[in-house]
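Raw work_24.tsv, TSV, C-alpha atoms:
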chain	number	residue	atom	x	y	z
M	1	MET	CA	-49.12	-30.44	-11.11
M	2	PHE	CA	-52.05	-29.44	-13.28
M	3	PRO	CA	-51.12	-28.54	-16.88
M	4	TRP	CA	-52.72	-25.09	-16.60
M	5	ALA	CA	-50.48	-23.98	-13.73
M	6	ARG	CA	-48.66	-21.41	-15.89
M	7	MET	CA	-51.47	-20.42	-18.26
M	8	ASP	CA	-51.40	-16.78	-17.13
M	9	GLY	CA	-47.72	-16.09	-17.63
M	10	ARG	CA	-47.47	-12.66	-16.01
M	11	PHE	CA	-48.49	-13.73	-12.52
M	12	ALA	CA	-48.53	-17.52	-12.53
M	13	GLY	CA	-45.89	-18.14	-9.85
M	14	PHE	CA	-45.21	-21.82	-9.42
M	15	CYS	CA	-46.54	-24.97	-7.83
M	16	LEU	CA	-44.76	-27.21	-5.38
M	17	ALA	CA	-45.47	-30.93	-5.77
M	18	VAL	CA	-44.82	-32.98	-2.63
M	19	MET	CA	-45.06	-36.78	-2.66
M	20	VAL	CA	-46.69	-38.39	0.37
M	21	LEU	CA	-47.37	-41.90	1.63
M	22	PRO	CA	-50.83	-43.52	1.83
M	23	VAL	CA	-53.40	-41.52	3.77
M	24	MET	CA	-56.74	-42.93	4.87
M	25	ALA	CA	-59.93	-40.94	4.61
M	26	GLY	CA	-59.88	-38.19	7.19
M	27	GLU	CA	-58.04	-34.94	7.77
M	28	PHE	CA	-54.74	-33.83	6.28
M	29	SER	CA	-53.00	-30.79	7.79
M	30	VAL	CA	-50.48	-28.53	6.08
M	31	THR	CA	-48.27	-25.68	7.28
M	32	VAL	CA	-46.62	-23.48	4.64
M	33	THR	CA	-43.76	-21.12	5.51
M	34	THR	CA	-41.50	-18.81	3.54
M	35	ALA	CA	-37.80	-19.47	2.96
M	36	ASP	CA	-37.01	-17.52	6.16
M	37	GLY	CA	-39.51	-19.53	8.19
M	38	LYS	CA	-42.42	-17.05	8.33
M	39	PRO	CA	-46.02	-18.29	7.89
M	40	LEU	CA	-47.39	-17.87	4.37
M	41	PRO	CA	-51.10	-16.94	4.31
M	42	ASP	CA	-53.25	-17.12	1.17
M	43	ALA	CA	-51.44	-20.17	-0.22
M	44	VAL	CA	-53.82	-22.46	-2.12
M	45	VAL	CA	-53.31	-26.14	-1.32
M	46	TRP	CA	-54.89	-29.16	-3.01
M	47	VAL	CA	-54.27	-32.90	-3.02
M	48	SER	CA	-54.23	-35.36	-5.90
M	49	PRO	CA	-56.08	-37.55	-6.39
M	50	GLY	CA	-58.70	-35.44	-4.67
M	51	ALA	CA	-62.31	-35.93	-3.78
M	52	ALA	CA	-64.84	-35.77	-6.59
M	53	PRO	CA	-66.28	-32.31	-7.31
M	54	LEU	CA	-69.28	-31.38	-5.18
M	55	SER	CA	-72.15	-29.05	-5.95
M	56	PRO	CA	-70.26	-25.79	-5.33
M	57	ALA	CA	-71.63	-23.06	-3.10
M	58	PRO	CA	-71.43	-19.47	-4.39
M	59	SER	CA	-68.35	-17.42	-3.48
M	60	VAL	CA	-67.76	-13.66	-3.20
M	61	MET	CA	-65.05	-11.34	-4.56
M	62	ASP	CA	-65.78	-7.91	-3.08
M	63	GLN	CA	-64.25	-4.46	-3.69
M	64	LEU	CA	-63.46	-2.60	-0.47
M	65	ASP	CA	-61.09	0.32	0.23
M	66	LYS	CA	-60.07	0.23	-3.45
M	67	ARG	CA	-58.85	-3.34	-3.15
M	68	PHE	CA	-60.22	-6.76	-3.97
M	69	LYS	CA	-61.35	-8.82	-0.98
M	70	PRO	CA	-60.02	-11.50	-0.83
M	71	PHE	CA	-56.62	-11.29	-2.53
M	72	VAL	CA	-56.69	-15.01	-3.43
M	73	LEU	CA	-59.91	-16.98	-3.91
M	74	PRO	CA	-59.77	-20.74	-4.65
M	75	VAL	CA	-62.97	-22.21	-6.08
M	76	GLN	CA	-64.13	-25.47	-7.59
M	77	THR	CA	-64.92	-25.68	-11.29
M	78	GLY	CA	-68.51	-24.55	-11.88
M	79	THR	CA	-68.61	-22.11	-8.96
M	80	GLN	CA	-70.62	-18.91	-9.29
M	81	VAL	CA	-68.73	-15.92	-7.88
M	82	ASP	CA	-70.61	-12.75	-6.91
M	83	PHE	CA	-68.87	-9.39	-7.42
M	84	PRO	CA	-70.42	-6.76	-5.11
M	85	ASN	CA	-68.93	-3.28	-4.76
M	86	SER	CA	-68.75	-2.17	-1.12
M	87	ASP	CA	-66.86	1.03	-2.04
M	88	SER	CA	-68.44	4.45	-2.63
M	89	ILE	CA	-66.76	4.74	-6.05
M	90	ASN	CA	-67.01	2.96	-9.40
M	91	HIS	CA	-64.96	-0.11	-10.26
M	92	HIS	CA	-64.50	-1.78	-13.64
M	93	VAL	CA	-63.40	-5.35	-12.97
M	94	TYR	CA	-61.91	-7.40	-15.79
M	95	SER	CA	-59.98	-10.56	-16.58
M	96	PHE	CA	-58.12	-11.43	-19.78
M	97	SER	CA	-57.04	-14.84	-18.49
M	98	PRO	CA	-57.63	-17.84	-20.80
M	99	ALA	CA	-59.57	-19.63	-18.06
M	100	LYS	CA	-62.14	-16.80	-17.91
M	101	ARG	CA	-62.47	-13.53	-19.80
M	102	PHE	CA	-65.04	-10.99	-18.62
M	103	GLU	CA	-65.71	-7.34	-17.71
M	104	LEU	CA	-68.02	-5.95	-15.02
M	105	LYS	CA	-68.91	-2.29	-14.44
M	106	LEU	CA	-69.67	-2.03	-10.73
M	107	PHE	CA	-71.37	1.07	-9.39
M	108	PRO	CA	-70.82	2.51	-5.87
M	109	GLY	CA	-72.37	0.48	-3.08
M	110	SER	CA	-73.78	-2.04	-5.53
M	111	HIS	CA	-74.79	-5.31	-3.89
M	112	ASN	CA	-77.03	-6.50	-6.70
M	113	ALA	CA	-76.10	-9.70	-8.47
M	114	HIS	CA	-73.04	-9.39	-10.69
M	115	THR	CA	-72.26	-13.06	-11.03
M	116	VAL	CA	-69.67	-14.92	-13.09
M	117	THR	CA	-69.55	-18.72	-13.42
M	118	PHE	CA	-66.02	-20.13	-13.46
M	119	ASP	CA	-66.54	-23.23	-15.58
M	120	LYS	CA	-62.95	-23.96	-16.67
M	121	PRO	CA	-59.99	-24.94	-14.44
M	122	GLY	CA	-57.16	-22.44	-14.39
M	123	LEU	CA	-55.74	-19.27	-12.91
M	124	VAL	CA	-57.82	-16.11	-13.37
M	125	THR	CA	-56.09	-12.77	-12.75
M	126	LEU	CA	-58.37	-9.85	-11.87
M	127	GLY	CA	-57.74	-6.15	-12.41
M	128	CYS	CA	-59.63	-2.85	-12.39
M	129	ASN	CA	-59.58	-0.53	-15.40
M	130	ILE	CA	-60.03	2.49	-13.11
M	131	HIS	CA	-57.54	1.60	-10.34
M	132	ASP	CA	-54.45	0.01	-11.86
M	133	TRP	CA	-53.04	-1.20	-8.53
M	134	MET	CA	-56.03	-3.43	-7.81
M	135	LEU	CA	-55.12	-7.07	-8.29
M	136	ALA	CA	-56.54	-10.42	-7.19
M	137	TYR	CA	-56.56	-14.05	-8.24
M	138	ILE	CA	-59.22	-16.72	-8.57
M	139	LEU	CA	-57.78	-20.23	-8.82
M	140	VAL	CA	-60.32	-22.65	-10.31
M	141	LEU	CA	-59.72	-26.29	-9.37
M	142	PRO	CA	-61.33	-29.51	-10.71
M	143	THR	CA	-61.60	-31.04	-7.23
M	144	SER	CA	-63.23	-30.37	-3.87
M	145	SER	CA	-60.05	-31.30	-1.94
M	146	PHE	CA	-58.53	-27.82	-1.64
M	147	GLY	CA	-58.26	-24.88	0.69
M	148	LYS	CA	-56.29	-21.74	1.56
M	149	THR	CA	-53.80	-21.21	4.38
M	150	ASN	CA	-54.74	-18.87	7.23
M	151	ALA	CA	-52.63	-16.09	8.80
M	152	GLN	CA	-50.50	-18.77	10.49
M	153	GLY	CA	-49.85	-20.53	7.17
M	154	GLU	CA	-52.00	-23.47	8.29
M	155	LEU	CA	-54.73	-25.47	6.59
M	156	LYS	CA	-56.67	-28.65	7.31
M	157	LEU	CA	-58.08	-30.62	4.39
M	158	PRO	CA	-60.44	-33.59	4.25
M	159	VAL	CA	-58.87	-36.25	2.05
M	160	PRO	CA	-60.43	-39.14	0.14
M	161	ASP	CA	-59.84	-42.76	1.10
M	162	GLY	CA	-56.71	-44.27	-0.40
M	163	MET	CA	-53.38	-43.05	-1.72
M	164	VAL	CA	-52.70	-39.32	-1.74
M	165	LYS	CA	-50.09	-39.12	-4.46
M	166	GLU	CA	-49.19	-35.46	-4.24
M	167	ILE	CA	-50.01	-32.18	-2.58
M	168	SER	CA	-49.66	-28.96	-4.56
M	169	VAL	CA	-49.20	-25.42	-3.25
M	170	TRP	CA	-49.73	-22.18	-5.19
M	171	HIS	CA	-49.26	-18.54	-4.21
M	172	PRO	CA	-48.88	-15.49	-6.50
M	173	GLN	CA	-45.66	-14.36	-4.80
M	174	LEU	CA	-43.76	-17.58	-5.41
M	175	ALA	CA	-40.78	-17.25	-7.72
M	176	SER	CA	-41.71	-18.18	-11.29
M	177	ALA	CA	-40.61	-21.15	-13.34
M	178	PRO	CA	-38.26	-23.18	-11.04
M	179	GLU	CA	-38.46	-26.95	-10.90
M	180	PRO	CA	-41.10	-28.21	-8.44
M	181	LEU	CA	-39.99	-29.11	-4.94
M	182	VAL	CA	-40.51	-32.86	-4.35
M	183	GLN	CA	-39.96	-34.73	-1.10
M	184	LYS	CA	-41.15	-38.00	0.40
M	185	VAL	CA	-42.85	-37.85	3.79
M	186	SER	CA	-44.84	-40.03	6.16
M	187	GLY	CA	-47.87	-39.23	8.25
M	188	VAL	CA	-50.79	-36.91	7.71
M	189	HIS	CA	-49.12	-33.56	8.46
M	190	MET	CA	-46.91	-31.70	6.00
M	191	GLN	CA	-44.62	-28.79	6.82
M	192	ILE	CA	-43.64	-27.08	3.57
M	193	ARG	CA	-40.85	-24.52	3.71
M	194	LEU	CA	-40.26	-22.67	0.44
M	195	ASP	CA	-36.75	-22.83	-0.96
M	196	LYS	CA	-36.94	-19.50	-2.84
M	197	PRO	CA	-37.63	-15.93	-1.58
M	198	LEU	CA	-41.03	-14.47	-2.37
M	199	LYS	CA	-41.57	-11.83	-5.04
M	200	PRO	CA	-42.76	-8.39	-3.80
M	201	ASP	CA	-46.42	-8.07	-2.90
M	202	PRO	CA	-48.10	-6.87	-6.14
M	203	ARG	CA	-50.94	-5.14	-4.26
M	204	ARG	CA	-48.89	-2.15	-3.08
M	205	ARG	CA	-50.58	1.08	-4.12
M	206	PRO	CA	-48.39	3.52	-6.15
M	207	ARG	CA	-47.58	6.89	-4.58
M	208	GLY	CA	-49.79	9.74	-5.69
M	209	TYR	CA	-52.91	7.56	-6.10
M	210	ASP	CA	-55.89	8.14	-3.83
The structure given in the file should be rewritten as structure tokens.
Amino acid sequence: MFPWARMDGRFAGFCLAVMVLPVMAGEFSVTVTTADGKPLPDAVVWVSPGAAPLSPAPSVMDQLDKRFKPFVLPVQTGTQVDFPNSDSINHHVYSFSPAKRFELKLFPGSHNAHTVTFDKPGLVTLGCNIHDWMLAYILVLPTSSFGKTNAQGELKLPVPDGMVKEISVWHPQLASAPEPLVQKVSGVHMQIRLDKPLKPDPRRRPRGYD
């Protein structure tokens, strides 16, 4: 587990560390499900030791229908993230997280460059000063061996040659501060079933807001 996993205490959730046997260079597949067996999308998964950082391509965190798109965005350290505004209203995006502090005033339909470089590993929680329900996360990782689960809770990762010592999973709805789940496995496919119920989805819009 990386030491910054709980830097942003309000929303940090927790990481699961799963020990695995040697894996040769190739593809590693993961399926993440909730405690009741349902697929868990938007779970960030990375392996350690991972591949060396690559030259990162730019990423996008949009504002659409008064919500951030995507909800969870994993990026490599040094990634430039563009913040367009596809809504017809103003947004005022901010983060007070130790890994990255910034504010951006985004005007309606703005697709000009509003770019932030995420140069420090850690969890960055995003909000909007105008719309309090808007919430998203950027998880900055010091490796290129990471990804995010799809709607079926599945992910395939390229892995470096040699021993994969652990695989970590993060999601903002995981229960906070339990001990990590550790289990020994064999093979190149992991099925991870959470042992705690998820917290409520923090993106739900309060009644009376338009």
Could you list, as a PDB file with C-alpha atoms, keeping the file's coordinate frame, every residue within 9 Å of Pro202 (chain M), counting all atoms listed in the file and ignoring same-chain residues fewer than 4 positions away?
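Dumped everything to selection_1.pdb:
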ATOM      1  CA  TRP M 133     -53.040  -1.200  -8.530  1.00  0.00           C
ATOM      2  CA  MET M 134     -56.030  -3.430  -7.810  1.00  0.00           C
ATOM      3  CA  LEU M 135     -55.120  -7.070  -8.290  1.00  0.00           C
ATOM      4  CA  PRO M 172     -48.880 -15.490  -6.500  1.00  0.00           C
ATOM      5  CA  GLN M 173     -45.660 -14.360  -4.800  1.00  0.00           C
TER       6      GLN M 173
END
- Protein, DNA and RNA residues within 8 Å of (-72.8, -9.0, -7.6), all atoms listed in the file, as a PyMOL selection string: chain M and resi 82-85+110-115
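Interatomic distance, CA of Pro108 (chain M) to CA of Ser88 (chain M): 4.5 Å.
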- How far is it from CA of Asp195 (chain M) to CA of Val47 (chain M), in Å with one decimal? 20.3 Å
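Minimum atom-to-atom distances from M:Asp36, M:Tyr137, M:Leu104, M:Ala51 to Val159 (chain M) were compared using only C-alpha atoms, and the lowest value belongs to M:Ala51.
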- Note on the structure: Of M:Ile138, M:Val93, M:Leu40, M:Val116, the one nearest to Pro58 (chain M) when counting all atoms listed in the file is M:Val116
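Point (-60.2, -25.2, -8.5) has the following residues at most 7 Å away: Pro74, Val75, Gln76, Thr77, Pro121, Leu139, Val140, Leu141, Pro142 and Thr143 of chain M (atoms considered: all atoms listed in the file).
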- Item | Nearest candidate to His171 (chain M) (options M:Thr149, M:Asn129, M:Gln191, M:Ser48; using all atoms listed in the file) |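 Going through M:Thr149, M:Asn129, M:Gln191, M:Ser48 one by one, the smallest distance to His171 (chain M) is for M:Thr149.
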- Message: Quick check, in Å to one decimal: how far apart do CA of Leu123 (chain M) and CA of Pro70 (chain M) lie?
- Response: 15.0 Å
- Find, counting all atoms listed in the file, the residue in M:Gly127, M:Gly153, M:Pro197, M:Gly147 that gets nearest to Lys66 (chain M). M:Gly127
- Task: Go through M:Ser95, M:Ser29, M:Thr125, M:Ser55 and flag the residue nearest Gln80 (chain M), using only C-alpha atoms for the distances.
- Result: M:Ser55
- Between M:Asp201, M:Ala136, M:Pro53, M:Arg193, which is the closest to Ala35 (chain M) once you count all atoms listed in the file? M:Arg193
